[in-house]
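query-v5.csv (CSV, C-alpha atoms)
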chain,number,residue,atom,x,y,z
A,15,MET,CA,35.1,18.5,-68.2
A,16,THR,CA,35.5,14.7,-68.8
A,17,ARG,CA,32.8,13.5,-71.2
A,18,LEU,CA,31.3,10.2,-69.9
A,19,PRO,CA,30.4,7.5,-72.4
A,20,HIS,CA,26.8,6.3,-72.4
A,21,GLY,CA,26.0,3.4,-70.2
A,22,PRO,CA,26.3,-0.1,-71.7
A,23,PRO,CA,23.4,-1.4,-73.7
A,24,ASP,CA,22.1,-5.0,-73.3
A,25,CYS,CA,24.1,-7.8,-74.9
A,26,SER,CA,22.3,-9.1,-78.0
A,27,SER,CA,25.3,-10.9,-79.5
A,28,LYS,CA,28.8,-12.1,-78.5
A,29,GLU,CA,30.4,-9.4,-80.6
A,30,HIS,CA,28.0,-6.8,-79.3
A,31,CYS,CA,28.6,-7.9,-75.7
A,32,SER,CA,32.4,-7.5,-76.2
A,33,VAL,CA,31.9,-4.0,-77.4
A,34,THR,CA,29.6,-3.4,-74.4
A,35,ARG,CA,32.2,-4.6,-71.9
A,36,ARG,CA,34.9,-2.3,-73.5
A,37,ARG,CA,32.4,0.6,-73.3
A,38,ALA,CA,31.5,-0.2,-69.7
A,39,LEU,CA,35.2,-0.3,-68.8
A,40,ALA,CA,35.7,3.1,-70.4
A,41,TRP,CA,32.7,4.4,-68.6
A,42,GLY,CA,34.1,3.3,-65.3
A,43,LEU,CA,37.5,4.8,-65.9
A,44,ALA,CA,36.0,8.1,-67.0
A,45,LEU,CA,33.8,8.2,-63.9
A,46,ALA,CA,36.8,7.7,-61.6
A,47,ALA,CA,38.7,10.4,-63.4
A,48,SER,CA,35.8,12.8,-63.3
A,49,ALA,CA,35.5,12.3,-59.5
A,50,GLY,CA,38.9,13.9,-58.9
A,51,PRO,CA,41.6,12.9,-56.6
A,52,SER,CA,39.3,11.5,-53.9
A,53,LEU,CA,38.7,8.4,-56.2
A,54,ALA,CA,41.3,8.5,-58.9
A,55,SER,CA,44.6,9.0,-57.0
A,56,THR,CA,44.2,8.8,-53.2
A,57,ALA,CA,44.4,5.0,-53.1
A,58,ALA,CA,48.1,5.1,-54.0
A,59,TRP,CA,48.8,8.2,-51.9
A,60,PRO,CA,51.5,9.2,-51.0
A,61,ILE,CA,53.4,8.9,-54.2
A,62,ARG,CA,56.4,11.0,-53.3
A,63,PRO,CA,58.2,12.4,-50.1
A,64,LEU,CA,56.1,14.7,-47.9
A,65,GLN,CA,57.2,18.2,-46.8
A,66,LEU,CA,56.4,19.4,-43.3
A,67,ILE,CA,56.7,23.2,-42.9
A,68,VAL,CA,57.9,24.1,-39.4
A,69,PRO,CA,57.6,27.9,-38.7
A,70,TRP,CA,60.4,27.9,-36.2
A,71,PRO,CA,64.2,27.7,-36.4
A,72,ALA,CA,65.9,24.4,-36.5
A,73,GLY,CA,67.1,23.0,-33.2
A,74,GLY,CA,64.3,24.4,-31.0
A,75,ALA,CA,62.1,22.3,-28.8
A,76,THR,CA,59.2,22.2,-31.2
A,77,ASP,CA,61.4,21.5,-34.2
A,78,LEU,CA,63.2,18.6,-32.4
A,79,THR,CA,60.0,17.0,-31.2
A,80,LEU,CA,58.5,17.3,-34.7
A,81,ARG,CA,61.5,15.6,-36.3
A,82,ILE,CA,61.1,12.6,-34.0
A,83,LEU,CA,57.3,12.6,-34.8
A,84,CYS,CA,58.1,12.6,-38.5
A,85,GLU,CA,60.6,9.7,-38.2
A,86,GLU,CA,57.9,7.7,-36.4
A,87,ALA,CA,55.3,8.5,-39.1
A,88,GLU,CA,57.5,7.7,-42.1
A,89,SER,CA,57.2,4.0,-41.8
A,90,LEU,CA,53.4,4.3,-41.5
A,91,LEU,CA,53.1,6.4,-44.6
A,92,GLY,CA,55.7,4.6,-46.7
A,93,GLN,CA,57.5,7.9,-47.7
A,94,PRO,CA,60.2,10.2,-46.2
A,95,ILE,CA,59.0,13.4,-44.5
A,96,VAL,CA,61.3,16.4,-45.1
A,97,VAL,CA,61.2,19.1,-42.5
A,98,ILE,CA,61.3,22.6,-44.0
A,99,ASN,CA,62.1,25.3,-41.5
A,100,ARG,CA,60.5,28.7,-42.3
A,101,PRO,CA,61.0,30.9,-39.1
A,102,GLY,CA,60.0,34.5,-38.7
A,103,ALA,CA,56.8,36.6,-38.4
A,104,ALA,CA,56.1,35.1,-34.9
A,105,GLY,CA,55.6,31.6,-36.4
A,106,THR,CA,52.9,32.6,-38.9
A,107,GLN,CA,54.9,31.9,-42.1
A,108,VAL,CA,53.2,28.5,-42.3
A,109,ALA,CA,49.8,29.9,-43.2
A,110,PRO,CA,50.6,31.7,-46.5
A,111,LEU,CA,52.9,28.8,-47.5
A,112,LEU,CA,50.2,26.2,-47.0
A,113,LYS,CA,47.7,28.4,-48.8
A,114,ALA,CA,50.0,28.5,-51.8
A,115,ALA,CA,50.7,24.8,-51.8
A,116,GLU,CA,49.1,22.1,-53.9
A,117,PRO,CA,46.3,20.5,-51.9
A,118,ASP,CA,47.4,17.0,-52.5
A,119,GLY,CA,48.6,16.1,-49.0
A,120,HIS,CA,52.3,16.1,-49.9
A,121,THR,CA,52.8,19.5,-48.2
A,122,ILE,CA,51.6,19.9,-44.6
A,123,GLY,CA,52.6,22.3,-41.8
A,124,GLN,CA,52.9,22.7,-38.0
A,125,VAL,CA,50.3,25.3,-37.0
A,126,PRO,CA,50.4,26.9,-33.6
A,127,ILE,CA,47.2,28.5,-32.3
A,128,THR,CA,49.0,31.9,-32.5
A,129,VAL,CA,48.6,31.7,-36.3
A,130,TYR,CA,44.8,32.1,-35.9
A,131,ARG,CA,45.3,34.9,-33.3
A,132,HIS,CA,47.7,36.8,-35.6
A,133,ALA,CA,45.0,36.9,-38.3
A,134,LEU,CA,42.6,38.3,-35.8
A,135,MET,CA,45.0,41.0,-34.7
A,136,ASN,CA,46.5,42.0,-38.1
A,137,PRO,CA,45.2,42.5,-41.6
A,138,VAL,CA,46.7,39.6,-43.5
A,139,PRO,CA,46.0,38.3,-47.1
A,140,TRP,CA,45.1,34.8,-45.7
A,141,ASP,CA,42.6,33.4,-43.4
A,142,PRO,CA,43.8,30.3,-41.5
A,143,VAL,CA,40.2,29.3,-40.7
A,144,THR,CA,39.2,29.0,-44.4
A,145,ASP,CA,42.7,28.4,-46.0
A,146,LEU,CA,43.9,25.6,-43.8
A,147,SER,CA,42.5,22.1,-43.2
A,148,PRO,CA,43.3,20.8,-39.7
A,149,ILE,CA,44.5,17.2,-39.5
A,150,VAL,CA,45.3,16.4,-35.9
A,151,GLN,CA,46.2,18.3,-32.7
A,152,VAL,CA,49.4,17.0,-31.2
A,153,SER,CA,50.6,18.9,-28.1
A,154,GLY,CA,50.6,22.1,-26.1
A,155,THR,CA,52.7,24.0,-23.6
A,156,THR,CA,52.4,24.5,-19.8
A,157,PHE,CA,51.9,28.2,-18.8
A,158,GLY,CA,52.3,29.4,-15.3
A,159,VAL,CA,52.0,32.5,-13.1
A,160,LEU,CA,55.5,33.2,-11.5
A,161,VAL,CA,56.6,35.4,-8.7
A,162,PRO,CA,60.1,36.0,-7.2
A,163,SER,CA,61.1,33.6,-4.5
A,164,THR,CA,61.2,36.7,-2.1
A,165,SER,CA,57.5,37.5,-2.9
A,166,PRO,CA,55.1,37.4,0.1
A,167,TRP,CA,52.5,35.8,-2.2
A,168,ARG,CA,52.3,32.0,-1.8
A,169,GLN,CA,49.0,31.6,-3.6
A,170,LEU,CA,47.4,33.2,-6.6
A,171,PRO,CA,44.3,34.5,-4.7
A,172,GLU,CA,46.6,36.4,-2.4
A,173,MET,CA,48.1,38.3,-5.4
A,174,LEU,CA,44.7,38.9,-6.9
A,175,ASP,CA,43.3,40.2,-3.6
A,176,TRP,CA,46.2,42.6,-3.2
A,177,ALA,CA,45.9,43.8,-6.8
A,178,ARG,CA,42.2,44.5,-6.3
A,179,ASP,CA,42.9,46.5,-3.2
A,180,HIS,CA,45.7,48.4,-4.9
A,181,PRO,CA,44.3,49.4,-8.3
A,182,GLY,CA,47.0,50.0,-11.0
A,183,GLU,CA,49.9,48.9,-8.7
A,184,LEU,CA,50.5,45.3,-9.8
A,185,ILE,CA,53.4,45.2,-12.3
A,186,LEU,CA,53.1,42.0,-14.3
A,187,GLY,CA,55.1,40.9,-17.4
A,188,SER,CA,54.4,38.7,-20.4
A,189,THR,CA,56.1,37.6,-23.5
A,190,GLY,CA,54.4,40.3,-25.6
A,191,ILE,CA,51.1,42.0,-26.4
A,192,GLY,CA,48.6,39.5,-27.6
A,193,THR,CA,50.6,36.4,-26.8
A,194,THR,CA,49.0,33.5,-25.0
A,195,ALA,CA,50.7,34.5,-21.8
A,196,HIS,CA,49.2,38.0,-22.1
A,197,LEU,CA,45.7,36.8,-23.0
A,198,ALA,CA,45.7,34.1,-20.3
A,199,MET,CA,46.3,36.6,-17.5
A,200,GLU,CA,44.3,39.4,-19.0
A,201,GLU,CA,41.1,37.3,-19.0
A,202,ILE,CA,41.4,36.6,-15.3
A,203,LEU,CA,42.2,40.3,-14.4
A,204,LEU,CA,39.3,41.5,-16.6
A,205,GLN,CA,37.0,39.1,-14.9
A,206,ARG,CA,38.0,40.4,-11.5
A,207,GLY,CA,38.0,44.1,-12.6
A,208,ILE,CA,41.7,44.5,-11.7
A,209,ARG,CA,43.7,47.3,-13.2
A,210,TYR,CA,47.4,46.6,-13.5
A,211,VAL,CA,50.6,47.6,-15.4
A,212,HIS,CA,51.5,45.2,-18.2
A,213,VAL,CA,55.1,45.0,-19.2
A,214,PRO,CA,55.7,43.1,-22.5
A,215,TYR,CA,59.0,41.4,-23.2
A,216,ARG,CA,60.4,40.0,-26.4
A,217,GLY,CA,61.8,36.8,-25.0
A,218,THR,CA,61.6,34.4,-22.0
A,219,ALA,CA,65.1,35.1,-20.7
A,220,ASP,CA,64.7,38.8,-20.2
A,221,GLN,CA,61.3,38.4,-18.7
A,222,MET,CA,62.3,35.7,-16.2
A,223,LEU,CA,65.4,37.7,-15.2
A,224,ALA,CA,63.0,40.6,-14.4
A,225,VAL,CA,60.8,38.4,-12.3
A,226,ALA,CA,63.7,36.7,-10.4
A,227,SER,CA,65.3,40.1,-9.7
A,228,GLY,CA,62.1,41.6,-8.4
A,229,GLN,CA,61.7,44.2,-11.2
A,230,LEU,CA,58.4,42.5,-11.9
A,231,MET,CA,56.0,41.5,-9.2
A,232,ALA,CA,54.8,38.6,-11.3
A,233,GLY,CA,55.1,37.2,-14.8
A,234,VAL,CA,53.3,34.7,-17.0
A,235,ASN,CA,55.3,32.4,-19.2
A,236,SER,CA,55.5,29.0,-20.7
A,237,THR,CA,57.9,26.3,-19.4
A,238,GLY,CA,60.9,28.4,-20.2
A,239,PHE,CA,60.6,29.3,-16.5
A,240,ALA,CA,61.6,25.7,-15.4
A,241,PRO,CA,65.3,26.4,-14.8
A,242,TRP,CA,64.5,29.4,-12.7
A,243,VAL,CA,62.1,27.5,-10.6
A,244,ASP,CA,64.5,24.6,-10.2
A,245,GLN,CA,67.2,27.1,-9.0
A,246,GLY,CA,64.9,28.4,-6.4
A,247,ARG,CA,64.8,31.9,-7.9
A,248,MET,CA,61.0,32.0,-8.4
A,249,ARG,CA,58.0,29.9,-7.6
A,250,VAL,CA,54.9,28.9,-9.5
A,251,LEU,CA,51.6,30.1,-8.1
A,252,ALA,CA,49.3,28.4,-10.6
A,253,ILE,CA,49.3,26.9,-14.1
A,254,PHE,CA,46.8,27.3,-17.0
A,255,SER,CA,46.6,23.6,-17.9
A,256,ALA,CA,43.6,21.4,-17.6
A,257,GLN,CA,45.3,19.2,-15.1
A,258,ARG,CA,48.2,19.7,-12.6
A,259,SER,CA,51.7,19.3,-13.9
A,260,PRO,CA,53.6,16.2,-12.7
A,261,ARG,CA,56.7,18.4,-12.6
A,262,TRP,CA,55.0,21.0,-10.3
A,263,PRO,CA,52.3,19.0,-8.5
A,264,ASP,CA,51.8,21.6,-5.8
A,265,ALA,CA,50.8,24.3,-8.3
A,266,PRO,CA,47.0,24.4,-8.7
A,267,THR,CA,45.3,24.9,-12.0
A,268,LEU,CA,43.2,28.0,-12.7
A,269,ARG,CA,40.3,25.7,-13.0
A,270,GLU,CA,40.8,24.6,-9.5
A,271,LEU,CA,40.9,28.2,-8.4
A,272,GLY,CA,37.5,29.0,-9.9
A,273,TYR,CA,38.3,30.0,-13.4
A,274,PRO,CA,36.9,27.1,-15.5
A,275,GLN,CA,37.5,28.8,-18.9
A,276,SER,CA,41.2,29.7,-18.1
A,277,VAL,CA,42.8,26.7,-19.8
A,278,TYR,CA,45.6,28.0,-22.0
A,279,THR,CA,48.2,25.6,-23.4
A,280,SER,CA,48.9,27.3,-26.8
A,281,PRO,CA,48.0,24.0,-28.5
A,282,TRP,CA,49.4,23.2,-31.9
A,283,GLY,CA,48.7,20.6,-34.6
A,284,LEU,CA,49.2,19.7,-38.2
A,285,ALA,CA,47.2,21.1,-41.1
A,286,ALA,CA,47.1,20.8,-44.9
A,287,PRO,CA,46.0,23.3,-47.6
A,288,ARG,CA,42.3,23.7,-48.0
A,289,GLY,CA,40.9,21.3,-50.6
A,290,THR,CA,43.1,18.4,-49.6
A,291,PRO,CA,40.9,15.3,-50.2
A,292,GLU,CA,39.4,13.9,-47.1
A,293,PRO,CA,40.7,10.3,-47.7
A,294,VAL,CA,44.2,11.8,-47.7
A,295,VAL,CA,43.5,13.8,-44.5
A,296,ARG,CA,42.3,10.6,-42.9
A,297,LYS,CA,45.5,8.8,-43.9
A,298,LEU,CA,47.6,11.6,-42.5
A,299,HIS,CA,45.6,11.7,-39.3
A,300,ASP,CA,45.9,7.9,-38.7
A,301,ALA,CA,49.6,7.9,-39.3
A,302,PHE,CA,50.5,10.8,-37.0
A,303,ALA,CA,48.0,9.8,-34.4
A,304,ARG,CA,49.8,6.4,-34.1
A,305,ALA,CA,53.3,8.0,-34.3
A,306,MET,CA,52.6,10.5,-31.6
A,307,GLN,CA,51.9,7.7,-29.1
A,308,SER,CA,55.3,6.1,-29.6
A,309,GLU,CA,57.5,6.0,-26.5
A,310,ARG,CA,60.2,7.8,-28.4
A,311,HIS,CA,58.0,10.8,-29.2
A,312,LEU,CA,56.5,10.9,-25.7
A,313,ARG,CA,60.0,11.0,-24.2
A,314,GLU,CA,60.9,13.9,-26.4
A,315,LEU,CA,57.8,15.8,-25.4
A,316,ALA,CA,58.5,15.2,-21.7
A,317,ARG,CA,62.1,16.4,-22.2
A,318,TYR,CA,60.7,19.9,-22.9
A,319,ASP,CA,57.8,19.7,-20.4
A,320,GLN,CA,55.3,19.3,-23.1
A,321,THR,CA,52.4,16.8,-23.0
A,322,LEU,CA,50.4,15.0,-25.5
A,323,ASP,CA,47.2,16.9,-26.3
A,324,TYR,CA,45.6,14.7,-29.0
A,325,LEU,CA,42.4,15.7,-30.8
A,326,ASN,CA,41.1,13.9,-33.9
A,327,THR,CA,40.4,15.8,-37.1
A,328,ARG,CA,36.8,16.6,-36.3
A,329,ASP,CA,37.4,17.6,-32.7
A,330,TYR,CA,40.5,19.6,-33.7
A,331,ARG,CA,38.6,21.6,-36.3
A,332,GLN,CA,35.9,22.4,-33.8
A,333,ALA,CA,38.4,23.4,-31.1
A,334,VAL,CA,40.0,25.8,-33.6
A,335,ARG,CA,36.7,27.4,-34.4
A,336,ASP,CA,35.8,27.6,-30.7
A,337,THR,CA,39.2,29.2,-29.8
A,338,VAL,CA,38.9,31.7,-32.6
A,339,GLU,CA,35.5,32.9,-31.4
A,340,ARG,CA,36.6,33.1,-27.8
A,341,GLU,CA,39.7,35.0,-28.6
A,342,LYS,CA,37.9,37.3,-31.0
A,343,ARG,CA,35.7,38.4,-28.1
A,344,LEU,CA,38.6,38.8,-25.7
A,345,LEU,CA,40.7,40.8,-28.2
A,346,GLN,CA,37.8,43.0,-28.9
A,347,ARG,CA,37.5,43.8,-25.2
A,348,MET,CA,41.2,44.5,-25.1
A,349,ASN,CA,41.0,46.7,-28.2
A,350,LEU,CA,43.4,44.5,-30.1
A,351,LEU,CA,41.1,43.2,-32.8
A,352,ALA,CA,42.1,44.2,-36.3
A,353,ARG,CA,39.8,46.6,-38.0
A,354,PRO,CA,38.4,45.5,-41.4
A,355,MET,CA,40.3,46.9,-44.4
A,356,GLY,CA,39.3,50.5,-45.0
A,357,ALA,CA,37.7,51.0,-41.6
A,358,THR,CA,38.2,54.4,-40.0
A,359,GLY,CA,37.4,56.2,-36.8

Write the structure described by the file as structure tokens, please.
Amino acid sequence: MTRLPHGPPDCSSKEHCSVTRRRALAWGLALAASAGPSLASTAAWPIRPLQLIVPWPAGGATDLTLRILCEEAESLLGQPIVVINRPGAAGTQVAPLLKAAEPDGHTIGQVPITVYRHALMNPVPWDPVTDLSPIVQVSGTTFGVLVPSTSPWRQLPEMLDWARDHPGELILGSTGIGTTAHLAMEEILLQRGIRYVHVPYRGTADQMLAVASGQLMAGVNSTGFAPWVDQGRMRVLAIFSAQRSPRWPDAPTLRELGYPQSVYTSPWGLAAPRGTPEPVVRKLHDAFARAMQSERHLRELARYDQTLDYLNTRDYRQAVRDTVEREKRLLQRMNLLARPMGATG
């Protein structure tokens, strides 16, 4: 612990006053040092290049948009930002890497909402709620309910009414158990009391081929479905966004159809290790919040049918907590919630 010098006594002589000023200066410097990085070092931050951990392969849509975002933010921060790709484990590698990083703001990461869900579904030695410090929410993805172009269903209520009248006969695919696509549709079907057959797929291409060929009656996916819809091989019955998509303006949102809670965009943002000083978090937020509004970044998002979904630090933190609590209840109903370590039965 830093030992603080005593406060300066009254000046009773010129020599004594000189000693007093030196003592006061030492006292002030020691106080700044004892206050930690929030006072002693954040004024000059950043002092070296930043690292951004991206839990996806290089060259993918998210990786490419993030590289543009970083380039736009570099001039605002005054330091280069080096993208570090760490793919694997369904995009969750970022959490343990951030947990192990020095909380000085020089290492941050792109954190998809699926990181928080993964920790609910699996016993892991990290907790994204307590180990990560959200900075800013950036974007999300459009999810839709798709049917083959030959399907008799033109509207989502028609499909749901048929499925209710034919229990267990609806065959619907998603991109995997516990994915956003799965949870989004499951919530609606549970609400309607509909039993169905869920077919999980590992990737978008296989699932979309199954929908287009009629092997699946319907599927839920992110905007990987765009080429298939453009080719006329399937159509969008509804989307899970808060507003209609400008690319598919005829597709209603689930909100419009009477499901106000069914807004699923798999949002993602940037986070730092827990303990990163708040002044540093504010600087990171301000830089990236400005950078994400640049025309260059917005064009890159639109190129992949993504939209800006900005939340400031406070609102982003609250949104994460709200989403975790909501998905915890849904996963428990689906019997997908991880049991505490050592639980049996």

With all atoms listed in the file as the atoms that count, which of A:Pro148, A:Arg247, A:Gly74, A:Gly182 lies nearest to Leu284 (chain A)?
->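 Looking at the shortest contact to Leu284 (chain A), the residue is A:Pro148.
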
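For the pair CA of Ala252 (chain A) and CA of Thr321 (chain A), the interatomic distance is 17.3 Å.
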
Contacts of Ala316 (chain A) at 12 Å or less, counting all atoms listed in the file, minus same-chain residues fewer than 6 places along, as an MDAnalysis selection string?
-> chainID A and resid 75:76 79 153:156 237 259:261 309:310 322

CA of Gln107 (chain A) and CA of Pro60 (chain A) are how many Å apart?
->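 One can read the CA of Gln107 (chain A) to CA of Pro60 (chain A) distance as 24.6 Å.
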
Hey, can you check how far CA of Ala226 (chain A) sits from CA of Val161 (chain A)?
-> 7.4 Å

Leaving out Val125 (chain A) and any residue of its chain fewer than 2 positions from it, which residues lie within 7 Å of it when counting only C-alpha atoms, given as a list in words?
->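 Final neighbour list, sorted by chain and number: Val108, Gly123, Ile127, Val129, Trp282, Gly283, Leu284 and Ala285 of chain A.
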
Residue among A:Met231, A:Ile185, A:Val150, A:Met306 lying closest to Leu80 (chain A), counting all atoms listed in the file |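 Comparing A:Met231, A:Ile185, A:Val150, A:Met306 against Leu80 (chain A), the winner is A:Met306.
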
For Arg209 (chain A), which of A:Trp176, A:Phe157, A:Tyr324, A:Trp262 is the closest residue, counting all atoms listed in the file?
->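 Result for the nearest residue to Arg209 (chain A): A:Trp176.
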
Could I get the residues of region 142-212 of chain A with an atom no further than 10 Å from an atom of region 336-347 of chain A, each paired with its nearest atom pair and that distance in Å to one decimal, using only C-alpha atoms, sorted by chain and residue number, as a Markdown table?
| residue | atom | partner | partner_atom | distance |
| --- | --- | --- | --- | --- |
| A:Val143 | CA | A:Val338 | CA | 8.5 |
| A:Gly192 | CA | A:Leu345 | CA | 8.0 |
| A:Leu197 | CA | A:Leu344 | CA | 7.9 |
| A:Glu200 | CA | A:Leu344 | CA | 8.8 |
| A:Glu201 | CA | A:Leu344 | CA | 7.3 |
| A:Leu204 | CA | A:Arg347 | CA | 9.1 |

Counting all atoms listed in the file, the option among A:His180, A:Gly217, A:Val295, A:Met199 closest to Ala104 (chain A) = A:Gly217

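Each of A:Ala195, A:Ala57, A:Val152, A:Leu64 was compared to Gln320 (chain A) using only C-alpha atoms, and A:Val152 turns out to be the nearest.
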
Skip Tyr210 (chain A) itself and residues of its chain fewer than 3 positions away, then list as an MDAnalysis selection string all residues within 8 Å of it, counting only C-alpha atoms.
-> chainID A and resid 177 181:186

Please produce a file of those selected residues containing C-alpha atoms, as an mmCIF file, keeping the file's coordinate frame.
data_model
loop_
_atom_site.group_PDB
_atom_site.id
_atom_site.type_symbol
_atom_site.label_atom_id
_atom_site.label_comp_id
_atom_site.auth_asym_id
_atom_site.auth_seq_id
_atom_site.Cartn_x
_atom_site.Cartn_y
_atom_site.Cartn_z
ATOM 1 C CA ALA A 177 45.900 43.800 -6.800
ATOM 2 C CA PRO A 181 44.300 49.400 -8.300
ATOM 3 C CA GLY A 182 47.000 50.000 -11.000
ATOM 4 C CA GLU A 183 49.900 48.900 -8.700
ATOM 5 C CA LEU A 184 50.500 45.300 -9.800
ATOM 6 C CA ILE A 185 53.400 45.200 -12.300
ATOM 7 C CA LEU A 186 53.100 42.000 -14.300
#

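The smallest atom-to-atom distance between Trp59 (chain A) and any of A:Gln257, A:Thr267, A:Gln93, A:Thr327, using all atoms listed in the file, is found for A:Gln93.
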
Could you name the residues that touch Leu134 (chain A) at 7 Å or less, counting all atoms listed in the file, but leaving out those on the same chain fewer than 3 positions away, as JSON, numbers by chain?
-> {"A": [130, 131, 342, 351, 352]}

Around (40.9, 25.9, -13.6) in the file's own coordinates, what residues are found within 10 Å if you use all atoms listed in the file, given back as a ChimeraX atom specification?
-> /A:252-258,266-278

Shell of 9 Å around Val97 (chain A), all atoms listed in the file, local chain residues under 3 positions omitted, as a VMD selection string | chain A and resid 64 to 68 77 80 to 81 84
